[in-house]
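Colleague: One file: data_34.tsv (TSV, C-alpha atoms and all ligand atoms).
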```
chain	number	residue	atom	x	y	z
A	238	MET	CA	0.00	0.00	0.00
A	239	SER	CA	1.21	3.46	-0.81
A	240	GLY	CA	-1.31	6.10	0.17
A	241	THR	CA	-2.01	9.78	-0.33
A	242	SER	CA	0.59	10.90	2.21
A	243	LEU	CA	3.31	9.96	-0.34
A	244	ASP	CA	5.48	8.79	2.58
A	245	GLY	CA	6.36	5.42	1.07
A	246	VAL	CA	5.25	1.81	0.84
A	247	ASP	CA	3.74	-0.17	3.71
A	248	GLY	CA	3.79	-3.93	3.21
A	249	VAL	CA	2.55	-6.86	5.23
A	250	LEU	CA	2.88	-10.59	4.67
A	251	THR	CA	0.18	-12.71	6.26
A	252	ALA	CA	-1.70	-16.00	6.02
A	253	PHE	CA	-4.74	-14.41	7.77
A	254	ASP	CA	-4.14	-16.70	10.73
A	255	GLY	CA	-2.73	-14.01	13.00
A	256	SER	CA	0.77	-14.24	11.50
A	257	LEU	CA	2.10	-10.91	10.28
A	258	HIS	CA	5.39	-9.50	9.02
A	259	ALA	CA	5.61	-5.84	8.13
A	260	ALA	CA	8.02	-3.68	6.13
A	261	HIS	CA	8.18	-0.02	5.13
A	262	VAL	CA	10.10	1.36	2.15
A	263	PRO	CA	10.21	5.17	2.24
A	264	PHE	CA	10.05	7.37	-0.86
A	265	LEU	CA	13.14	9.56	-1.17
A	266	ASP	CA	12.60	13.29	-1.73
A	267	ASP	CA	13.12	13.22	-5.52
A	268	PHE	CA	10.58	10.48	-6.10
A	269	ARG	CA	8.12	12.06	-3.69
A	270	ARG	CA	8.41	15.32	-5.65
A	271	THR	CA	7.75	13.45	-8.91
A	272	LEU	CA	4.64	11.82	-7.43
A	273	LEU	CA	3.47	15.13	-6.01
A	274	ALA	CA	3.91	16.83	-9.41
A	275	LEU	CA	1.77	14.10	-11.03
A	276	GLN	CA	-1.17	15.00	-8.76
A	277	ALA	CA	-1.97	17.95	-11.05
A	278	PRO	CA	-1.55	18.64	-14.78
A	279	THR	CA	2.14	18.92	-15.74
A	280	ASP	CA	4.24	18.70	-18.88
A	281	ASN	CA	4.61	15.33	-20.59
A	282	GLU	CA	2.68	13.50	-17.89
A	283	ILE	CA	2.16	10.25	-19.83
A	284	HIS	CA	5.89	9.72	-20.05
A	285	THR	CA	6.55	10.85	-16.45
A	286	GLU	CA	3.71	8.67	-15.19
A	287	ALA	CA	5.01	5.55	-16.94
A	288	LEU	CA	8.52	6.02	-15.59
A	289	ALA	CA	7.17	6.72	-12.10
A	290	ALA	CA	5.09	3.54	-12.28
A	291	ASN	CA	8.26	1.56	-13.02
A	292	GLU	CA	10.01	3.21	-10.09
A	293	LEU	CA	7.04	2.47	-7.87
A	294	ALA	CA	7.13	-1.22	-8.89
A	295	ARG	CA	10.81	-1.31	-7.83
A	296	HIS	CA	9.83	0.13	-4.42
A	297	TYR	CA	7.06	-2.48	-4.09
A	298	ALA	CA	9.52	-5.25	-5.05
A	299	ALA	CA	12.01	-4.03	-2.41
A	300	CYS	CA	9.21	-4.16	0.16
A	301	VAL	CA	8.29	-7.72	-0.92
A	302	ASP	CA	11.97	-8.79	-0.65
A	303	ALA	CA	12.16	-7.38	2.88
A	304	LEU	CA	8.99	-9.25	3.84
A	305	LEU	CA	10.22	-12.56	2.40
A	306	ASP	CA	13.53	-12.13	4.28
A	307	ALA	CA	11.74	-11.36	7.53
A	308	ALA	CA	9.45	-14.36	7.17
A	309	GLY	CA	12.10	-16.75	5.81
A	310	LEU	CA	9.86	-17.54	2.84
A	311	ALA	CA	10.38	-17.80	-0.93
A	312	ALA	CA	8.35	-16.35	-3.79
A	313	ALA	CA	6.81	-19.76	-4.45
A	314	ASP	CA	5.27	-19.70	-0.95
A	315	ILE	CA	3.20	-16.60	-1.71
A	316	ALA	CA	-0.27	-16.79	-3.27
A	317	ALA	CA	-0.32	-13.18	-4.47
A	318	ILE	CA	0.69	-9.59	-3.90
A	319	GLY	CA	-2.09	-7.00	-3.64
A	320	ALA	CA	-0.63	-3.81	-5.12
A	321	HIS	CA	-2.81	-0.73	-4.89
A	322	GLY	CA	-0.64	1.67	-6.91
A	323	GLN	CA	-0.24	5.39	-6.27
A	324	THR	CA	-3.33	7.51	-6.75
A	325	ILE	CA	-2.68	10.56	-8.93
A	326	ARG	CA	-6.30	11.48	-9.73
A	327	HIS	CA	-9.50	10.56	-7.94
A	328	LEU	CA	-12.59	12.14	-9.53
A	329	PRO	CA	-15.25	9.41	-9.26
A	330	ASP	CA	-18.06	11.78	-10.22
A	331	GLN	CA	-16.36	12.03	-13.62
A	332	GLY	CA	-16.02	8.22	-13.72
A	333	LEU	CA	-12.31	8.55	-13.17
A	334	THR	CA	-9.78	7.25	-10.69
A	335	ARG	CA	-6.17	6.70	-11.60
A	336	GLN	CA	-3.50	4.79	-9.75
A	337	ILE	CA	-0.12	4.61	-11.41
A	338	ASN	CA	1.20	1.08	-11.16
A	339	ASN	CA	3.15	-1.47	-13.16
A	340	PRO	CA	1.88	-4.83	-11.93
A	341	ALA	CA	3.50	-6.61	-14.90
A	342	LEU	CA	6.92	-5.36	-13.84
A	343	LEU	CA	6.21	-6.22	-10.20
A	344	ALA	CA	5.31	-9.80	-11.23
A	345	GLU	CA	8.57	-9.99	-13.22
A	346	LEU	CA	10.69	-8.59	-10.39
A	347	THR	CA	9.22	-10.85	-7.70
A	348	GLY	CA	8.06	-13.99	-9.53
A	349	ILE	CA	4.79	-13.66	-7.59
A	350	ALA	CA	1.26	-13.16	-8.96
A	351	VAL	CA	0.01	-9.59	-8.59
A	352	VAL	CA	-3.56	-8.43	-8.08
A	353	ALA	CA	-3.91	-4.74	-8.96
A	354	ASP	CA	-6.43	-2.09	-10.05
A	355	PHE	CA	-8.87	-2.50	-7.17
A	356	ARG	CA	-10.88	0.67	-7.69
A	357	SER	CA	-11.96	0.87	-11.32
A	358	ARG	CA	-14.59	-1.90	-11.24
A	359	ASP	CA	-16.48	-0.26	-8.41
A	360	ILE	CA	-16.47	3.03	-10.34
A	361	ALA	CA	-17.66	1.21	-13.47
A	362	ALA	CA	-20.57	-0.07	-11.35
A	363	GLY	CA	-21.48	3.50	-10.43
A	364	GLY	CA	-19.59	3.63	-7.13
A	365	GLN	CA	-17.00	5.98	-5.69
A	366	GLY	CA	-14.25	3.34	-5.94
A	367	ALA	CA	-13.39	4.39	-2.38
A	368	PRO	CA	-13.04	3.88	0.45
A	369	LEU	CA	-12.39	0.15	-0.06
A	370	VAL	CA	-11.04	-0.61	3.42
A	371	PRO	CA	-14.41	-0.73	5.30
A	372	ALA	CA	-15.11	-4.32	4.18
A	373	PHE	CA	-11.83	-5.40	5.72
A	374	HIS	CA	-12.43	-3.26	8.82
A	375	GLN	CA	-15.74	-5.08	9.28
A	376	SER	CA	-14.15	-8.49	8.82
A	377	ALA	CA	-11.24	-7.75	11.20
A	378	PHE	CA	-12.78	-5.42	13.78
A	379	GLY	CA	-16.58	-5.82	13.64
A	380	SER	CA	-18.37	-6.98	16.79
A	381	PRO	CA	-21.88	-8.45	17.16
A	382	ALA	CA	-21.98	-6.96	20.66
A	383	ALA	CA	-21.37	-3.28	19.96
A	384	MET	CA	-21.12	-0.58	17.33
A	385	ARG	CA	-17.51	0.38	16.64
A	386	VAL	CA	-15.92	3.07	14.52
A	387	VAL	CA	-12.60	2.54	12.76
A	388	ALA	CA	-11.00	5.84	11.71
A	389	ASN	CA	-8.10	5.64	9.28
A	390	ILE	CA	-6.01	8.81	9.36
A	391	GLY	CA	-3.75	8.62	6.30
A	392	GLY	CA	-3.28	11.52	3.90
A	393	ILE	CA	-7.08	11.61	3.74
A	394	ALA	CA	-9.18	10.38	6.67
A	395	ASN	CA	-11.99	7.86	6.38
A	396	ILE	CA	-14.35	6.19	8.83
A	397	SER	CA	-15.99	2.79	8.91
A	398	VAL	CA	-19.07	2.57	11.14
A	399	LEU	CA	-19.31	-1.13	12.01
A	400	ARG	CA	-22.80	-1.94	13.26
A	401	PRO	CA	-23.51	-5.02	15.40
A	402	ASP	CA	-25.75	-6.48	12.66
A	403	GLY	CA	-22.80	-6.49	10.26
A	404	THR	CA	-23.92	-3.57	8.10
A	405	VAL	CA	-21.37	-0.86	7.43
A	406	LEU	CA	-21.38	2.85	6.65
A	407	GLY	CA	-18.14	4.42	5.51
A	408	TYR	CA	-16.74	7.42	3.67
A	409	ASP	CA	-13.86	9.86	3.50
A	410	THR	CA	-14.40	12.52	6.15
A	411	GLY	CA	-11.88	15.01	4.72
A	412	PRO	CA	-8.18	15.62	5.22
A	413	GLY	CA	-6.11	13.40	7.48
A	414	ASN	CA	-2.44	14.38	7.49
A	415	VAL	CA	-2.16	15.88	4.02
A	416	LEU	CA	-2.51	19.57	4.94
A	417	MET	CA	-0.49	19.28	8.17
A	418	ASP	CA	2.29	17.47	6.26
A	419	SER	CA	2.39	20.13	3.57
A	420	TRP	CA	2.58	22.98	6.12
A	421	ALA	CA	5.22	21.19	8.20
A	422	ASN	CA	7.24	20.60	5.06
A	423	THR	CA	7.26	24.31	4.21
A	424	HIS	CA	8.01	25.62	7.70
A	425	LEU	CA	9.98	22.83	9.39
A	426	GLY	CA	11.58	21.28	6.31
A	427	LYS	CA	10.30	17.93	7.55
A	428	ALA	CA	7.98	15.34	6.04
A	429	PHE	CA	5.61	15.61	9.02
A	430	ASP	CA	5.11	17.20	12.43
A	431	ALA	CA	6.32	14.39	14.71
A	432	ASN	CA	3.74	13.59	17.39
A	433	GLY	CA	2.02	16.88	16.48
A	434	ASN	CA	4.40	18.69	18.85
A	435	TRP	CA	4.65	21.74	16.62
A	436	ALA	CA	0.85	21.97	16.32
A	437	ALA	CA	0.61	21.62	20.11
A	438	SER	CA	2.93	24.64	20.50
A	439	GLY	CA	0.49	26.89	18.60
A	440	SER	CA	-3.01	28.19	19.25
A	441	VAL	CA	-6.04	27.47	17.08
A	442	ILE	CA	-7.19	30.48	15.02
A	443	PRO	CA	-11.00	30.23	15.37
A	444	ALA	CA	-11.86	32.27	12.26
A	445	LEU	CA	-9.51	30.19	10.12
A	446	LEU	CA	-10.91	26.97	11.56
A	447	ASP	CA	-14.41	28.17	10.65
A	448	ALA	CA	-13.28	29.00	7.12
A	449	LEU	CA	-11.79	25.51	6.71
A	450	LEU	CA	-14.90	23.86	8.17
A	451	GLY	CA	-16.98	25.79	5.61
A	452	GLU	CA	-15.77	23.42	2.88
A	453	PRO	CA	-18.98	22.02	1.27
A	454	TYR	CA	-17.50	18.49	0.96
A	455	LEU	CA	-17.80	18.06	4.73
A	456	SER	CA	-21.59	18.34	4.78
A	457	GLN	CA	-22.16	16.45	1.53
A	458	ALA	CA	-24.14	13.22	1.96
A	459	ALA	CA	-22.40	9.84	1.60
A	460	PRO	CA	-21.38	7.98	-0.53
A	461	LYS	CA	-18.41	10.28	-0.98
A	462	SER	CA	-14.65	10.10	-1.34
A	463	THR	CA	-11.95	12.66	-1.87
A	464	GLY	CA	-8.22	13.17	-2.28
A	465	ARG	CA	-5.50	15.62	-3.12
A	466	ASP	CA	-7.72	16.68	-6.05
A	467	LEU	CA	-9.62	18.76	-3.47
A	468	PHE	CA	-7.54	18.99	-0.29
A	469	ASN	CA	-4.30	20.35	-1.70
A	470	ARG	CA	-1.98	23.29	-1.09
A	471	ARG	CA	-3.95	25.54	-3.43
A	472	TRP	CA	-7.15	24.87	-1.46
A	473	LEU	CA	-5.33	25.81	1.74
A	474	GLU	CA	-3.57	28.91	0.39
A	475	HIS	CA	-6.89	30.28	-0.83
A	476	ARG	CA	-8.39	30.04	2.68
A	477	LEU	CA	-5.21	31.38	4.31
A	478	GLN	CA	-5.23	34.63	2.33
A	479	PRO	CA	-7.00	36.71	5.01
A	480	PHE	CA	-4.62	35.29	7.65
A	481	GLU	CA	-1.27	36.03	6.04
A	482	ARG	CA	0.13	37.51	9.28
A	483	ALA	CA	-0.75	34.42	11.32
A	484	ALA	CA	2.12	32.58	13.03
A	485	ALA	CA	2.98	29.35	11.22
A	486	ALA	CA	2.60	27.28	14.42
A	487	ASP	CA	-0.92	28.67	14.93
A	488	VAL	CA	-1.83	27.63	11.38
A	489	GLN	CA	-0.51	24.13	12.13
A	490	ALA	CA	-2.58	24.01	15.34
A	491	THR	CA	-5.62	25.01	13.28
A	492	LEU	CA	-4.94	22.35	10.62
A	493	ALA	CA	-4.73	19.68	13.34
A	494	ALA	CA	-7.99	20.97	14.82
A	495	PHE	CA	-9.55	20.87	11.34
A	496	THR	CA	-8.66	17.20	10.83
A	497	ALA	CA	-9.92	16.35	14.33
A	498	ARG	CA	-13.16	18.36	13.97
A	499	SER	CA	-14.10	17.05	10.53
A	500	LEU	CA	-13.52	13.49	11.74
A	501	ALA	CA	-15.29	13.95	15.09
A	502	ASP	CA	-18.25	15.75	13.46
A	503	ALA	CA	-18.73	12.78	11.11
A	504	ILE	CA	-18.60	10.31	14.01
A	505	ARG	CA	-21.02	12.39	16.10
A	506	ARG	CA	-23.41	12.63	13.16
A	507	ASP	CA	-23.32	9.02	11.93
A	508	ALA	CA	-22.27	6.91	14.92
A	509	PRO	CA	-23.34	8.65	18.13
A	510	GLN	CA	-24.04	5.25	19.74
A	511	ALA	CA	-20.60	3.76	18.97
A	512	GLU	CA	-18.93	2.25	22.04
A	513	ALA	CA	-15.44	3.32	20.95
A	514	VAL	CA	-13.35	4.71	18.13
A	515	TYR	CA	-10.28	2.79	16.94
A	516	VAL	CA	-7.74	4.83	14.97
A	517	CYS	CA	-5.32	3.47	12.37
A	518	GLY	CA	-2.95	5.02	9.83
A	519	GLY	CA	-0.03	7.30	10.59
A	520	GLY	CA	-2.32	9.82	12.31
A	521	ALA	CA	-2.58	7.37	15.23
A	522	LEU	CA	1.05	8.26	15.99
A	523	ASN	CA	0.22	11.95	16.28
A	524	GLY	CA	-0.32	12.34	20.04
A	525	HIS	CA	-1.63	15.89	19.70
A	526	LEU	CA	-4.21	14.87	17.09
A	527	MET	CA	-5.32	11.90	19.22
A	528	ALA	CA	-5.75	14.24	22.22
A	529	GLU	CA	-7.85	16.64	20.12
A	530	LEU	CA	-10.06	13.74	19.02
A	531	ARG	CA	-10.48	12.56	22.60
A	532	ALA	CA	-11.49	16.05	23.67
A	533	LEU	CA	-14.20	16.16	20.96
A	534	LEU	CA	-15.67	12.67	21.44
A	535	ASN	CA	-17.20	11.55	24.70
A	536	LYS	CA	-16.23	7.94	24.17
A	537	PRO	CA	-13.00	5.94	24.32
A	538	VAL	CA	-10.52	6.63	21.50
A	539	ALA	CA	-7.79	4.00	21.12
A	540	ASP	CA	-5.62	2.86	18.24
A	541	THR	CA	-6.32	-0.45	16.48
A	542	GLY	CA	-3.49	-2.03	18.47
A	543	ALA	CA	-6.18	-2.47	21.13
A	544	LEU	CA	-7.91	-4.85	18.68
A	545	GLY	CA	-4.70	-6.69	17.80
A	546	VAL	CA	-3.48	-4.90	14.64
A	547	ALA	CA	-0.85	-2.14	14.85
A	548	PRO	CA	-2.19	1.09	13.29
A	549	LEU	CA	0.47	1.22	10.57
A	550	HIS	CA	-0.35	-2.31	9.37
A	551	VAL	CA	-4.09	-1.98	8.85
A	552	GLU	CA	-4.29	-0.44	5.38
A	553	ALA	CA	-1.67	-2.78	3.88
A	554	LEU	CA	-3.42	-5.74	5.48
A	555	ALA	CA	-6.69	-4.51	3.93
A	556	PHE	CA	-5.20	-4.71	0.43
A	557	ALA	CA	-3.74	-8.17	1.11
A	558	TRP	CA	-7.27	-9.14	2.18
A	559	LEU	CA	-8.75	-7.61	-0.98
A	560	ALA	CA	-6.24	-9.59	-3.08
A	561	ALA	CA	-7.31	-12.78	-1.26
A	562	ARG	CA	-10.95	-11.90	-1.97
A	563	PHE	CA	-10.06	-11.56	-5.66
A	564	LEU	CA	-8.31	-14.97	-5.70
A	565	ASP	CA	-11.50	-16.50	-4.25
A	566	ARG	CA	-13.57	-14.44	-6.72
A	567	LEU	CA	-15.45	-12.84	-3.85
A	568	PRO	CA	-16.64	-9.22	-3.85
A	569	GLY	CA	-14.38	-6.64	-2.25
A	570	ASN	CA	-16.62	-3.57	-2.28
A	571	LEU	CA	-19.53	-2.71	-0.03
A	572	PRO	CA	-22.29	-1.03	-2.06
A	573	SER	CA	-23.55	0.56	1.20
A	574	VAL	CA	-20.21	2.40	1.35
A	575	THR	CA	-19.24	3.15	-2.25
A	576	GLY	CA	-22.71	3.46	-3.75
A	577	ALA	CA	-21.98	0.88	-6.45
A	578	LYS	CA	-24.93	-0.92	-8.07
A	579	GLY	CA	-23.89	-4.14	-6.37
A	580	PRO	CA	-21.08	-6.22	-4.92
A	581	ARG	CA	-18.22	-6.71	-7.38
A	582	VAL	CA	-15.02	-8.74	-7.58
A	583	LEU	CA	-12.32	-6.07	-7.51
A	584	GLY	CA	-8.98	-6.24	-9.30
A	585	ALA	CA	-7.12	-7.79	-12.18
A	586	LEU	CA	-4.56	-10.59	-12.11
A	587	TYR	CA	-1.00	-10.60	-13.42
A	588	PRO	CA	0.04	-14.24	-12.99
A	589	ALA	CA	3.45	-15.16	-11.57
A	601	LIG	N1	5.25	9.90	14.60
A	601	LIG	C1	4.34	10.55	13.87
A	601	LIG	N2	3.85	11.74	14.30
A	601	LIG	C2	2.94	12.43	13.58
A	601	LIG	N3	2.49	12.00	12.38
A	601	LIG	C3	2.96	10.84	11.90
A	601	LIG	C4	3.89	10.06	12.61
A	601	LIG	N4	4.15	8.94	11.86
A	601	LIG	C5	3.42	9.05	10.74
A	601	LIG	N5	2.69	10.18	10.76
A	601	LIG	C6	1.79	10.69	9.73
A	601	LIG	O1	1.26	9.61	9.02
A	601	LIG	C7	1.44	9.78	7.61
A	601	LIG	C8	1.55	8.44	6.95
A	601	LIG	O2	0.38	7.73	7.26
A	601	LIG	P1	-0.19	6.58	6.34
A	601	LIG	O3	0.92	5.81	5.74
A	601	LIG	O4	-1.21	5.88	7.14
A	601	LIG	O5	-0.91	7.45	5.24
A	601	LIG	P2	-1.12	7.16	3.70
A	601	LIG	O6	0.18	6.75	3.10
A	601	LIG	O7	-1.77	8.35	3.11
A	601	LIG	O8	-2.08	5.94	3.69
A	601	LIG	P3	-3.59	5.69	3.17
A	601	LIG	O9	-3.87	6.61	2.04
A	601	LIG	O10	-3.51	4.28	2.77
A	601	LIG	O11	-4.52	5.84	4.31
A	601	LIG	C9	2.69	10.65	7.51
A	601	LIG	O12	2.69	11.38	6.32
A	601	LIG	C10	2.52	11.55	8.73
A	601	LIG	O13	1.69	12.63	8.43
A	602	MG	MG	1.67	5.65	3.80
```
Will you turn the file into structure tokens for me?
Ligand SMILES: Nc1ncnc2c1ncn2[C@@H]1O[C@H](COP(=O)(O)OP(=O)(O)OP(=O)(O)O)[C@@H](O)[C@H]1O
Ligand SMILES: [Mg+2]
Modeller:
Amino acid sequence: MSGTSLDGVDGVLTAFDGSLHAAHVPFLDDFRRTLLALQAPTDNEIHTEALAANELARHYAACVDALLDAAGLAAADIAAIGAHGQTIRHLPDQGLTRQINNPALLAELTGIAVVADFRSRDIAAGGQGAPLVPAFHQSAFGSPAAMRVVANIGGIANISVLRPDGTVLGYDTGPGNVLMDSWANTHLGKAFDANGNWAASGSVIPALLDALLGEPYLSQAAPKSTGRDLFNRRWLEHRLQPFERAAAADVQATLAAFTARSLADAIRRDAPQAEAVYVCGGGALNGHLMAELRALLNKPVADTGALGVAPLHVEALAFAWLAARFLDRLPGNLPSVTGAKGPRVLGALYPA
């Protein structure tokens, strides 16, 4: 899995029996810049995209090698790799989602079958193509005894409301780390604000928070999904214009509050009866953000480690699970989440 944060590749190797090996392969600055540039129209993008897809496949292959080493296994022991690709456009209302990927090259480099292109079939069936993780969240974390919420805070944040009867509601709530990362990059020269300490040193600017919360996406009805197509630096700069004298740390505090508020508002609206909220994704490691969430929700907020899966492993495990669903020719989408006309087998196979 390589998500909207553009931080790198998260891989897991599992037999879905509780065994789990994990590896992370970071993107170096040059490659991250290339991927960032591909998020919006640029010169000669077809060529750049194809070369970036090859580079991405090499990162995925390095992650697979690390996992095989850690597990002491060989390529022949592995049923398949689920490879999501790197999203560079996500505009489902135009019938369009695009993940750059080269599954053919990944199959060549690893000698392992690759399942890829998980989103396009759901879009073809009239769905959002996202989020796809709620079906896995339900299978791994659902409880017949209580309603639970799983909140994934990656670049974008999404929730899965897991009801005791097994039905699921889920959608992207808005930004996760993407705006905070961008601001930290400009002002700290770092990929992210570790533990949210910089945000915690600032004070929320109420008028700016209100301006951010005025984004119409937040009150739009589900099914809905979003990405860097909406929540990008241009979106932020536009709203920052009246606040150009604001201290950078206060802006960061406000961005953290924005992520927390948009997430908490969604949970309060759609899952007021939930017994607890379980957070996964890199945002779970942001202590300041977790404290903001706790202050907004009058219910326990833990990370998914409390349910047995470390927060940084959940999304990669979800795509391994989706690949396994494909191999069994079982549906991977939830029409109640994506709005697709029906359940669909997601993905395409590149044999070993
Ligand atoms: N120690 C930390 N403190 C604060 N933030 C962190 C920390 N570790 C990771 N993060 C944040 O988590 C992000 C990476 O999270 P993650 O990999 O879940 O997102 P993603 O790649 O967008 O995934 P996806 O789109 O699949 O949800 C980083 O960009 C950073 O913002
Ligand atoms: Mg990531």
Colleague: As a VMD selection string, please: the residues near Asn389 (chain A) (cut-off 8 Å, only C-alpha atoms, same-chain neighbours under 4 positions excluded).
Modeller: chain A and resid 394 to 396 516 to 518 520
Colleague: Find the spatial neighbours of Thr285 (chain A), counting only C-alpha atoms, within a cut-off of 10 Å - ignore same-chain residues fewer than 5 positions away - and output them as a list of chain:residue names.
Modeller: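 Here the answer would be A:Thr271, A:Leu272, A:Ala274, A:Leu275, A:Thr279, A:Asp280, A:Ala290.
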Colleague: Just C-alpha atoms for this one: save the residues we selected as a compact mmCIF listing (two decimals), keeping the file's coordinate frame.
Modeller:
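Output contents, as saved in part-v9.txt:
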```txt
# COMPACT_ATOMS: atom_id res chain seq x y z
CA THR A 271 7.75 13.45 -8.91
CA LEU A 272 4.64 11.82 -7.43
CA ALA A 274 3.91 16.83 -9.41
CA LEU A 275 1.77 14.10 -11.03
CA THR A 279 2.14 18.92 -15.74
CA ASP A 280 4.24 18.70 -18.88
CA ALA A 290 5.09 3.54 -12.28
```
Colleague: Would you list the residues that come within 8 Å of ligand MG 602 (chain A)? Count only C-alpha atoms and all ligand atoms and give the answer as a PDB file with C-alpha atoms, in the coordinates of the input.
Modeller:
```pdb
ATOM      1  CA  MET A 238       0.000   0.000   0.000  1.00  0.00           C
ATOM      2  CA  SER A 239       1.210   3.460  -0.810  1.00  0.00           C
ATOM      3  CA  GLY A 240      -1.310   6.100   0.170  1.00  0.00           C
ATOM      4  CA  THR A 241      -2.010   9.780  -0.330  1.00  0.00           C
ATOM      5  CA  SER A 242       0.590  10.900   2.210  1.00  0.00           C
ATOM      6  CA  LEU A 243       3.310   9.960  -0.340  1.00  0.00           C
ATOM      7  CA  ASP A 244       5.480   8.790   2.580  1.00  0.00           C
ATOM      8  CA  GLY A 245       6.360   5.420   1.070  1.00  0.00           C
ATOM      9  CA  VAL A 246       5.250   1.810   0.840  1.00  0.00           C
ATOM     10  CA  ASP A 247       3.740  -0.170   3.710  1.00  0.00           C
ATOM     11  CA  GLY A 391      -3.750   8.620   6.300  1.00  0.00           C
ATOM     12  CA  GLY A 392      -3.280  11.520   3.900  1.00  0.00           C
ATOM     13  CA  GLY A 518      -2.950   5.020   9.830  1.00  0.00           C
ATOM     14  CA  GLY A 519      -0.030   7.300  10.590  1.00  0.00           C
TER      15      GLY A 519
END
```
Colleague: Excluding same-chain residues fewer than 4 positions from region 473-482 of chain A, what lies within 10 Å of it counting all atoms listed in the file, as number ranges by chain?
Modeller: A: 416, 419-420, 442, 444-446, 448-449, 452, 467-469, 488, 492
Colleague: Please compute the CA of Ala311 (chain A)-CA of Gly569 (chain A) distance, one decimal, in Å.
Modeller: 27.2 Å
Colleague: So which residues touch Ala260 (chain A) within 12 Å, counting all atoms listed in the file, skipping near sequence neighbours fewer than 3 positions away, as a list in words?
Modeller: Met238, Gly245, Val246, Asp247, Gly248, Val249, Leu250, Thr251, Leu257, Pro263, His296, Tyr297, Ala298, Ala299, Cys300, Val301, Asp302, Ala303, Leu304, Leu305, Asp306, Ala307, Ala308, Leu549, His550, Ala553 and Leu554 of chain A
Colleague: Output C-alpha atoms of each residue in that selection to a file, as a PDB file, in the frame of the given file.
Modeller:
```
ATOM      1  CA  MET A 238       0.000   0.000   0.000  1.00  0.00           C
ATOM      2  CA  GLY A 245       6.360   5.420   1.070  1.00  0.00           C
ATOM      3  CA  VAL A 246       5.250   1.810   0.840  1.00  0.00           C
ATOM      4  CA  ASP A 247       3.740  -0.170   3.710  1.00  0.00           C
ATOM      5  CA  GLY A 248       3.790  -3.930   3.210  1.00  0.00           C
ATOM      6  CA  VAL A 249       2.550  -6.860   5.230  1.00  0.00           C
ATOM      7  CA  LEU A 250       2.880 -10.590   4.670  1.00  0.00           C
ATOM      8  CA  THR A 251       0.180 -12.710   6.260  1.00  0.00           C
ATOM      9  CA  LEU A 257       2.100 -10.910  10.280  1.00  0.00           C
ATOM     10  CA  PRO A 263      10.210   5.170   2.240  1.00  0.00           C
ATOM     11  CA  HIS A 296       9.830   0.130  -4.420  1.00  0.00           C
ATOM     12  CA  TYR A 297       7.060  -2.480  -4.090  1.00  0.00           C
ATOM     13  CA  ALA A 298       9.520  -5.250  -5.050  1.00  0.00           C
ATOM     14  CA  ALA A 299      12.010  -4.030  -2.410  1.00  0.00           C
ATOM     15  CA  CYS A 300       9.210  -4.160   0.160  1.00  0.00           C
ATOM     16  CA  VAL A 301       8.290  -7.720  -0.920  1.00  0.00           C
ATOM     17  CA  ASP A 302      11.970  -8.790  -0.650  1.00  0.00           C
ATOM     18  CA  ALA A 303      12.160  -7.380   2.880  1.00  0.00           C
ATOM     19  CA  LEU A 304       8.990  -9.250   3.840  1.00  0.00           C
ATOM     20  CA  LEU A 305      10.220 -12.560   2.400  1.00  0.00           C
ATOM     21  CA  ASP A 306      13.530 -12.130   4.280  1.00  0.00           C
ATOM     22  CA  ALA A 307      11.740 -11.360   7.530  1.00  0.00           C
ATOM     23  CA  ALA A 308       9.450 -14.360   7.170  1.00  0.00           C
ATOM     24  CA  LEU A 549       0.470   1.220  10.570  1.00  0.00           C
ATOM     25  CA  HIS A 550      -0.350  -2.310   9.370  1.00  0.00           C
ATOM     26  CA  ALA A 553      -1.670  -2.780   3.880  1.00  0.00           C
ATOM     27  CA  LEU A 554      -3.420  -5.740   5.480  1.00  0.00           C
TER      28      LEU A 554
END
```
Colleague: Name the closest residue to ligand LIG 601 (chain A) among the candidates A:Glu282, A:Asp430, A:Asp266, A:Asp254; distances are taken between atoms, counting all atoms listed in the file.
Modeller: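 Answer, going by the shortest atom-to-atom distance: A:Asp430.
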Colleague: Fewer than 2 positions away in the same chain doesn't count, so skip those; otherwise give me all residues within 7 Å of Ala493 (chain A), counting only C-alpha atoms, as number ranges by chain.
Modeller: A: 417, 436, 489-491, 495-497, 526
Colleague: I'd like to know which of A:Tyr408, A:Phe378, A:Phe429, A:Trp472 is closest to ligand LIG 601 (chain A), using all atoms listed in the file.
Modeller: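 Looking at the shortest contact to ligand LIG 601 (chain A), the residue is A:Phe429.
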Colleague: Rank nothing, just name the residue among A:Asn291, A:Gln365, A:Ser357, A:Thr541 nearest to Thr463 (chain A), using all atoms listed in the file.
Modeller: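 Residue with the minimum atom-to-atom distance to Thr463 (chain A): A:Gln365.
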Colleague: Mind giving me the straight-line distance from CA of Ala437 (chain A) to atom O7 of ligand LIG 601 (chain A) in Å, one decimal?
Modeller: 21.7 Å
Colleague: Is there a way to get, as an MDAnalysis selection string, all residues within 10 Å of the point (3.3, 2.5, 17.9) in file coordinates, counting all atoms listed in the file?
Modeller: chainID A and resid 519 521:522 540 542 547:549
